[in-house]
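Undergrad: Got start.cif for you, mmCIF, C-alpha atoms (C1' of nucleotides):
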```
data_model
#
loop_
_atom_site.label_atom_id
_atom_site.label_comp_id
_atom_site.auth_asym_id
_atom_site.auth_seq_id
_atom_site.Cartn_x
_atom_site.Cartn_y
_atom_site.Cartn_z
CA MET O 1 0.00 0.00 0.00
CA LYS O 2 1.74 3.06 -1.32
CA ASN O 3 1.55 6.33 0.54
CA LYS O 4 -0.01 8.48 -2.15
CA LYS O 5 -1.09 11.21 0.25
CA MET O 6 2.46 11.97 1.23
CA LYS O 7 3.70 11.93 -2.33
CA ILE O 8 0.95 14.32 -3.40
CA ALA O 9 1.65 16.64 -0.48
CA ARG O 10 5.34 16.63 -1.32
CA ILE O 11 4.71 17.44 -4.97
CA GLU O 12 2.30 20.20 -3.96
CA SER O 13 5.09 21.65 -1.85
CA GLU O 14 7.36 21.38 -4.89
CA VAL O 15 10.17 19.56 -3.17
CA SER O 16 12.01 16.50 -4.44
CA GLN O 17 12.45 13.35 -2.38
CA GLU O 18 16.01 14.43 -1.72
CA GLN O 19 15.02 17.93 -0.62
CA LEU O 20 12.39 16.53 1.72
CA ALA O 21 14.93 14.06 3.07
CA ASP O 22 17.34 16.90 3.85
CA LEU O 23 14.60 18.97 5.46
CA VAL O 24 13.59 16.19 7.82
CA GLY O 25 17.09 14.84 8.37
CA VAL O 26 16.95 11.40 6.77
CA THR O 27 18.25 9.94 3.54
CA ARG O 28 16.50 10.07 0.21
CA GLN O 29 16.05 6.30 0.27
CA THR O 30 14.01 6.49 3.46
CA ILE O 31 11.61 8.98 1.90
CA ASN O 32 11.42 6.87 -1.22
CA LEU O 33 10.63 3.73 0.80
CA ILE O 34 7.83 5.48 2.68
CA GLU O 35 6.21 6.68 -0.54
CA SER O 36 6.73 3.27 -2.12
CA GLY O 37 4.86 1.63 0.75
CA ASN O 38 5.66 -1.56 2.64
CA TYR O 39 7.57 0.55 5.12
CA ASN O 40 7.02 1.38 8.77
CA PRO O 41 8.53 4.76 9.70
CA SER O 42 8.92 6.00 13.24
CA LEU O 43 6.44 8.43 14.77
CA LYS O 44 9.15 11.05 15.12
CA LEU O 45 9.92 10.89 11.41
CA CYS O 46 6.22 11.10 10.53
CA LEU O 47 5.91 14.20 12.67
CA GLU O 48 8.93 15.80 11.01
CA ILE O 49 7.47 15.14 7.57
CA CYS O 50 4.14 16.62 8.65
CA LYS O 51 5.84 19.74 9.91
CA VAL O 52 7.76 20.30 6.68
CA LEU O 53 4.78 19.59 4.42
CA HIS O 54 2.35 21.56 6.60
CA LYS O 55 0.04 18.62 7.12
CA THR O 56 -1.20 16.66 10.12
CA LEU O 57 -0.62 13.00 10.92
CA ASP O 58 -4.16 12.13 9.93
CA GLU O 59 -3.80 13.93 6.61
CA LEU O 60 -0.66 12.04 5.62
CA PHE O 61 -0.67 8.73 7.45
CA TRP O 62 -4.23 7.79 8.31
CA GLU O 63 -5.89 5.01 6.34
CA GLU O 64 -9.56 4.21 6.73
CA ASN O 65 -10.58 0.76 8.11
CA MET X 1 7.41 14.63 27.19
CA LYS X 2 4.93 12.08 28.46
CA ASN X 3 2.06 10.97 26.27
CA LYS X 4 -0.83 11.94 28.47
CA LYS X 5 -3.41 11.79 25.69
CA MET X 6 -2.82 8.12 25.15
CA LYS X 7 -2.89 7.31 28.85
CA ILE X 8 -6.17 9.17 29.25
CA ALA X 9 -7.69 7.44 26.22
CA ARG X 10 -6.60 4.08 27.59
CA ILE X 11 -8.10 4.74 31.01
CA GLU X 12 -11.31 5.96 29.37
CA SER X 13 -11.45 2.64 27.54
CA GLU X 14 -10.87 0.91 30.89
CA VAL X 15 -8.01 -1.26 29.77
CA SER X 16 -4.75 -1.83 31.61
CA GLN X 17 -1.35 -1.37 29.97
CA GLU X 18 -1.11 -5.12 29.74
CA GLN X 19 -4.54 -5.51 28.13
CA LEU X 20 -3.76 -2.80 25.60
CA ALA X 21 -0.43 -4.46 24.89
CA ASP X 22 -2.18 -7.74 24.17
CA LEU X 23 -4.77 -6.06 22.00
CA VAL X 24 -2.17 -4.39 19.78
CA GLY X 25 0.31 -7.24 19.88
CA VAL X 26 3.25 -5.80 21.80
CA THR X 27 4.56 -6.19 25.31
CA ARG X 28 3.45 -4.26 28.36
CA GLN X 29 6.82 -2.58 28.59
CA THR X 30 6.42 -1.07 25.15
CA ILE X 31 3.08 0.48 26.09
CA ASN X 32 4.54 1.71 29.33
CA LEU X 33 7.48 3.32 27.55
CA ILE X 34 5.21 5.15 25.12
CA GLU X 35 3.11 6.57 27.95
CA SER X 36 6.24 7.41 29.91
CA GLY X 37 7.54 9.44 26.98
CA ASN X 38 11.07 9.62 25.55
CA TYR X 39 10.12 6.87 23.18
CA ASN X 40 9.65 6.73 19.43
CA PRO X 41 7.12 4.06 18.42
CA SER X 42 6.60 2.90 14.86
CA LEU X 43 3.73 4.25 12.75
CA LYS X 44 2.21 0.80 12.51
CA LEU X 45 2.08 0.50 16.29
CA CYS X 46 0.56 3.98 16.63
CA LEU X 47 -2.14 3.00 14.14
CA GLU X 48 -2.88 -0.21 16.04
CA ILE X 49 -3.24 1.71 19.29
CA CYS X 50 -5.54 4.22 17.61
CA LYS X 51 -7.74 1.45 16.28
CA VAL X 52 -8.08 -0.21 19.68
CA LEU X 53 -8.72 3.02 21.56
CA HIS X 54 -11.04 4.42 18.86
CA LYS X 55 -8.97 7.53 18.34
CA THR X 56 -7.12 9.07 15.40
CA LEU X 57 -3.40 9.69 15.07
CA ASP X 58 -3.88 13.39 15.64
CA GLU X 59 -5.91 12.75 18.78
CA LEU X 60 -3.27 10.55 20.38
CA PHE X 61 0.09 11.53 18.93
CA TRP X 62 -0.08 15.09 17.68
CA GLU X 63 1.70 17.79 19.67
CA GLU X 64 1.33 21.47 18.87
CA ASN X 65 4.48 23.35 17.69
"C1'" DA H 1 19.76 13.83 -29.14
"C1'" DC H 2 21.99 15.12 -25.18
"C1'" DT H 3 22.56 16.39 -20.27
"C1'" DT H 4 20.95 16.80 -15.67
"C1'" DT H 5 17.76 15.88 -12.18
"C1'" DT H 6 14.79 12.77 -10.07
"C1'" DT H 7 13.28 8.37 -8.87
"C1'" DG H 8 13.29 3.19 -8.04
"C1'" DT H 9 15.92 -0.43 -5.97
"C1'" DA H 10 19.51 -3.51 -3.98
"C1'" DA H 11 23.27 -5.09 -0.47
"C1'" DT H 12 25.47 -4.35 3.61
"C1'" DA H 13 26.14 -1.84 8.02
"C1'" DT H 14 24.49 0.67 12.05
"C1'" DA H 15 21.11 2.62 15.32
"C1'" DT H 16 17.27 1.88 17.82
"C1'" DA H 17 12.46 -0.08 18.54
"C1'" DA H 18 10.60 -3.95 20.77
"C1'" DT H 19 11.16 -8.35 23.45
"C1'" DT H 20 12.15 -11.04 27.45
"C1'" DG H 21 12.64 -11.75 32.26
"C1'" DA H 22 12.80 -9.91 36.51
"C1'" DC H 23 12.04 -7.03 40.62
"C1'" DA H 24 10.21 -3.01 43.37
"C1'" DT H 25 6.59 0.14 44.08
"C1'" DT H 26 2.05 1.74 43.83
"C1'" DT H 27 -2.89 1.29 43.59
"C1'" DA H 28 -7.31 -1.07 44.25
"C1'" DG H 29 -10.06 -4.81 46.56
"C1'" DT H 30 -11.54 -7.37 50.55
"C1'" DA R 1 -3.56 -5.07 57.54
"C1'" DC R 2 -3.46 -8.16 53.89
"C1'" DT R 3 -3.72 -9.62 48.98
"C1'" DA R 4 -3.76 -9.15 44.12
"C1'" DA R 5 -3.57 -6.31 40.22
"C1'" DA R 6 -1.34 -2.62 37.96
"C1'" DT R 7 2.55 0.25 37.08
"C1'" DG R 8 7.54 1.93 36.77
"C1'" DT R 9 11.94 0.62 35.57
"C1'" DC R 10 16.27 -2.03 34.62
"C1'" DA R 11 19.69 -5.17 31.91
"C1'" DA R 12 20.33 -8.05 28.07
"C1'" DT R 13 18.84 -9.79 23.67
"C1'" DT R 14 16.40 -9.75 19.11
"C1'" DA R 15 14.06 -7.57 15.30
"C1'" DT R 16 13.84 -3.95 12.27
"C1'" DA R 17 14.11 1.11 10.89
"C1'" DT R 18 17.49 3.96 8.85
"C1'" DA R 19 22.19 4.91 6.80
"C1'" DT R 20 25.56 4.17 3.33
"C1'" DT R 21 27.16 3.24 -1.18
"C1'" DA R 22 26.05 2.32 -5.57
"C1'" DC R 23 23.74 1.69 -10.07
"C1'" DA R 24 19.95 1.76 -13.51
"C1'" DA R 25 16.00 3.88 -15.37
"C1'" DA R 26 12.72 7.44 -15.90
"C1'" DA R 27 11.53 12.33 -16.24
"C1'" DA R 28 12.56 17.14 -17.19
"C1'" DG R 29 15.48 20.82 -19.39
"C1'" DT R 30 17.95 22.84 -23.10
#
```
I'd like the structure from this file rewritten - as structure tokens, please.
TA:
Amino acid sequence: MKNKKMKIARIESEVSQEQLADLVGVTRQTINLIESGNYNPSLKLCLEICKVLHKTLDELFWEEN
Amino acid sequence: MKNKKMKIARIESEVSQEQLADLVGVTRQTINLIESGNYNPSLKLCLEICKVLHKTLDELFWEEN
DNA sequence: ACTTTTTGTAATATATAATTGACATTTAGT
DNA sequence: ACTAAATGTCAATTATATATTACAAAAAGT
């Protein structure tokens, strides 16, 4: 299950995976893995991404049912 | 920074740390550490806890600023 | 067409989340 | 006061998130 919400939010913010990675302090591969799905990031990292992309946890990481 | 929101939600649901741990599939110590703060759980675990306690990510794990 | 940027992946190494077992303290029940 | 359940915390181990290095392919720019 890919994380489309995060990818869309990133593109809306007009930052590349690498730029987002730098902004939140991880590597580009980590960002790529999260967007690609089958990945389980830490809460701290999720919160950092939310802060940079101006979104909330629910907006980026919540999935219904 | 303790996670008071989660502790309150758990008590409102009238489950012990151990019961919650069983319900989400981790050990009691893990739940205790999250409530005690200075801990960085995985997104998957946060989502499991939300599901069991009938709360959203923002309700349990969002902190302003 | 060519060049540069961006993205998708893989293998190995490192940091840390989560487990296990155990014990002390606190809280609730009787 | 006594007992049992619940919580706080510690040390050692295991599982896994994240880093590092690297390479190929796709997308965007000129």
Undergrad: Counting all atoms listed in the file, give me one row per residue of chain O with an atom at most 8 Å from an atom of chain X, showing the shortest contact pair and its distance in Å to one decimal, sorted by chain then residue number, as a Markdown table.
TA:
```
| residue | atom | partner | partner_atom | distance |
| --- | --- | --- | --- | --- |
| O:Asn40 | CA | X:Leu43 | CA | 5.9 |
| O:Pro41 | CA | X:Leu43 | CA | 5.7 |
| O:Ser42 | CA | X:Ser42 | CA | 4.2 |
| O:Leu43 | CA | X:Leu43 | CA | 5.4 |
| O:Lys44 | CA | X:Asn40 | CA | 6.1 |
| O:Cys46 | CA | X:Leu43 | CA | 7.6 |
| O:Leu47 | CA | X:Trp62 | CA | 7.9 |
| O:Thr56 | CA | X:Asp58 | CA | 7.0 |
| O:Leu57 | CA | X:Asp58 | CA | 5.7 |
| O:Asp58 | CA | X:Leu57 | CA | 5.7 |
| O:Trp62 | CA | X:Leu57 | CA | 7.1 |
```
Undergrad: Atom CA of Ile31 of chain O and atom CA of Gln17 of chain O, how far apart in Å?
TA: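 Computing the Euclidean distance for atom CA of Gln17 of chain O and atom CA of Ile31 of chain O yields 6.2 Å.
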Undergrad: On this structure, which residues satisfy the PyMOL selection byres ((chain R) within 9 of (chain X)), written as a list in words?
TA: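 Selected by the PyMOL selection byres ((chain R) within 9 of (chain X)) here: DA6, DT7, DG8 and DA17 of chain R.
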Undergrad: Select residues of chain H: the criterion is any atom within 12 Å of an atom of chain O, counting only C-alpha atoms (C1' of nucleotides); output as a list in words.
TA: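 Listed by rising number, the hits are DT5, DT6, DT7, DG8, DT9, DA10, DT16 and DA17 of chain H.
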Undergrad: Output, as lines of an AutoDock Vina configuration file, the centre and edge lengths in Å (one decimal) of the axis-aligned box that contains all listed atoms of segment 37-53 of chain X with 5 Å of margin on each side.
TA:
```
center_x = 1.2
center_y = 4.7
center_z = 19.7
size_x = 29.8
size_y = 19.8
size_z = 24.5
```
Undergrad: Pull out every residue that the PyMOL selection byres ((chain R and resi 15) around 10) matches in the shown coordinates and put them as number ranges by chain.
TA: H: 17-19; R: 13-14, 16-17
Undergrad: Mind giving me the straight-line distance from atom CA of Glu48 of chain X to atom C1' of DC10 of chain R in Å, one decimal?
TA: 26.7 Å
Undergrad: How many Å lie between atom CA of Lys4 of chain O and atom CA of Ile49 of chain O, rounded to one decimal?
TA: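 The value is 14.0 Å.
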Undergrad: Residues near DT3 of chain H, anyone? I mean within 12 Å using only C-alpha atoms (C1' of nucleotides), not counting same-chain ones fewer than 6 positions away, as a PyMOL selection string.
TA: chain R and resi 28-30
Undergrad: Got a sec: who's within 8 Å of DT18 of chain R, counting all atoms listed in the file, leaving out chain neighbours fewer than 4 positions off, as a list in words?
TA: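 Close residues of DT18 of chain R: Val26 and Thr30 of chain O; DA15 of chain H.
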Undergrad: Filtering to C-alpha atoms, could chain O of the supplied structure be written out as a PDB file, in the first residue's frame?
TA:
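Below is the file part_15.pdb, written as the result:
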```
ATOM      1  CA  MET O   1       0.000   0.000   0.000  1.00  0.00           C
ATOM      2  CA  LYS O   2       1.744   3.060  -1.318  1.00  0.00           C
ATOM      3  CA  ASN O   3       1.551   6.334   0.543  1.00  0.00           C
ATOM      4  CA  LYS O   4      -0.010   8.476  -2.148  1.00  0.00           C
ATOM      5  CA  LYS O   5      -1.089  11.211   0.248  1.00  0.00           C
ATOM      6  CA  MET O   6       2.458  11.967   1.233  1.00  0.00           C
ATOM      7  CA  LYS O   7       3.703  11.928  -2.333  1.00  0.00           C
ATOM      8  CA  ILE O   8       0.946  14.318  -3.404  1.00  0.00           C
ATOM      9  CA  ALA O   9       1.648  16.642  -0.477  1.00  0.00           C
ATOM     10  CA  ARG O  10       5.344  16.630  -1.323  1.00  0.00           C
ATOM     11  CA  ILE O  11       4.706  17.440  -4.965  1.00  0.00           C
ATOM     12  CA  GLU O  12       2.300  20.197  -3.962  1.00  0.00           C
ATOM     13  CA  SER O  13       5.095  21.654  -1.851  1.00  0.00           C
ATOM     14  CA  GLU O  14       7.364  21.382  -4.887  1.00  0.00           C
ATOM     15  CA  VAL O  15      10.173  19.556  -3.170  1.00  0.00           C
ATOM     16  CA  SER O  16      12.014  16.501  -4.440  1.00  0.00           C
ATOM     17  CA  GLN O  17      12.448  13.351  -2.385  1.00  0.00           C
ATOM     18  CA  GLU O  18      16.008  14.431  -1.723  1.00  0.00           C
ATOM     19  CA  GLN O  19      15.021  17.928  -0.617  1.00  0.00           C
ATOM     20  CA  LEU O  20      12.387  16.531   1.720  1.00  0.00           C
ATOM     21  CA  ALA O  21      14.930  14.060   3.072  1.00  0.00           C
ATOM     22  CA  ASP O  22      17.342  16.898   3.846  1.00  0.00           C
ATOM     23  CA  LEU O  23      14.601  18.971   5.456  1.00  0.00           C
ATOM     24  CA  VAL O  24      13.594  16.188   7.821  1.00  0.00           C
ATOM     25  CA  GLY O  25      17.085  14.841   8.372  1.00  0.00           C
ATOM     26  CA  VAL O  26      16.950  11.402   6.771  1.00  0.00           C
ATOM     27  CA  THR O  27      18.246   9.944   3.540  1.00  0.00           C
ATOM     28  CA  ARG O  28      16.498  10.065   0.208  1.00  0.00           C
ATOM     29  CA  GLN O  29      16.046   6.305   0.265  1.00  0.00           C
ATOM     30  CA  THR O  30      14.014   6.490   3.457  1.00  0.00           C
ATOM     31  CA  ILE O  31      11.613   8.983   1.898  1.00  0.00           C
ATOM     32  CA  ASN O  32      11.418   6.866  -1.219  1.00  0.00           C
ATOM     33  CA  LEU O  33      10.629   3.735   0.799  1.00  0.00           C
ATOM     34  CA  ILE O  34       7.828   5.476   2.682  1.00  0.00           C
ATOM     35  CA  GLU O  35       6.206   6.676  -0.536  1.00  0.00           C
ATOM     36  CA  SER O  36       6.731   3.269  -2.121  1.00  0.00           C
ATOM     37  CA  GLY O  37       4.859   1.634   0.752  1.00  0.00           C
ATOM     38  CA  ASN O  38       5.661  -1.559   2.639  1.00  0.00           C
ATOM     39  CA  TYR O  39       7.571   0.550   5.122  1.00  0.00           C
ATOM     40  CA  ASN O  40       7.016   1.384   8.775  1.00  0.00           C
ATOM     41  CA  PRO O  41       8.532   4.763   9.697  1.00  0.00           C
ATOM     42  CA  SER O  42       8.924   5.998  13.243  1.00  0.00           C
ATOM     43  CA  LEU O  43       6.442   8.425  14.773  1.00  0.00           C
ATOM     44  CA  LYS O  44       9.151  11.050  15.117  1.00  0.00           C
ATOM     45  CA  LEU O  45       9.918  10.891  11.408  1.00  0.00           C
ATOM     46  CA  CYS O  46       6.218  11.096  10.531  1.00  0.00           C
ATOM     47  CA  LEU O  47       5.905  14.205  12.675  1.00  0.00           C
ATOM     48  CA  GLU O  48       8.926  15.803  11.010  1.00  0.00           C
ATOM     49  CA  ILE O  49       7.474  15.145   7.570  1.00  0.00           C
ATOM     50  CA  CYS O  50       4.137  16.621   8.651  1.00  0.00           C
ATOM     51  CA  LYS O  51       5.841  19.744   9.912  1.00  0.00           C
ATOM     52  CA  VAL O  52       7.760  20.298   6.680  1.00  0.00           C
ATOM     53  CA  LEU O  53       4.776  19.591   4.420  1.00  0.00           C
ATOM     54  CA  HIS O  54       2.346  21.562   6.598  1.00  0.00           C
ATOM     55  CA  LYS O  55       0.042  18.617   7.120  1.00  0.00           C
ATOM     56  CA  THR O  56      -1.204  16.661  10.123  1.00  0.00           C
ATOM     57  CA  LEU O  57      -0.623  13.002  10.922  1.00  0.00           C
ATOM     58  CA  ASP O  58      -4.164  12.126   9.928  1.00  0.00           C
ATOM     59  CA  GLU O  59      -3.797  13.928   6.607  1.00  0.00           C
ATOM     60  CA  LEU O  60      -0.657  12.040   5.617  1.00  0.00           C
ATOM     61  CA  PHE O  61      -0.667   8.728   7.453  1.00  0.00           C
ATOM     62  CA  TRP O  62      -4.229   7.786   8.308  1.00  0.00           C
ATOM     63  CA  GLU O  63      -5.894   5.010   6.342  1.00  0.00           C
ATOM     64  CA  GLU O  64      -9.564   4.208   6.728  1.00  0.00           C
ATOM     65  CA  ASN O  65     -10.576   0.765   8.110  1.00  0.00           C
TER      66      ASN O  65
END
```
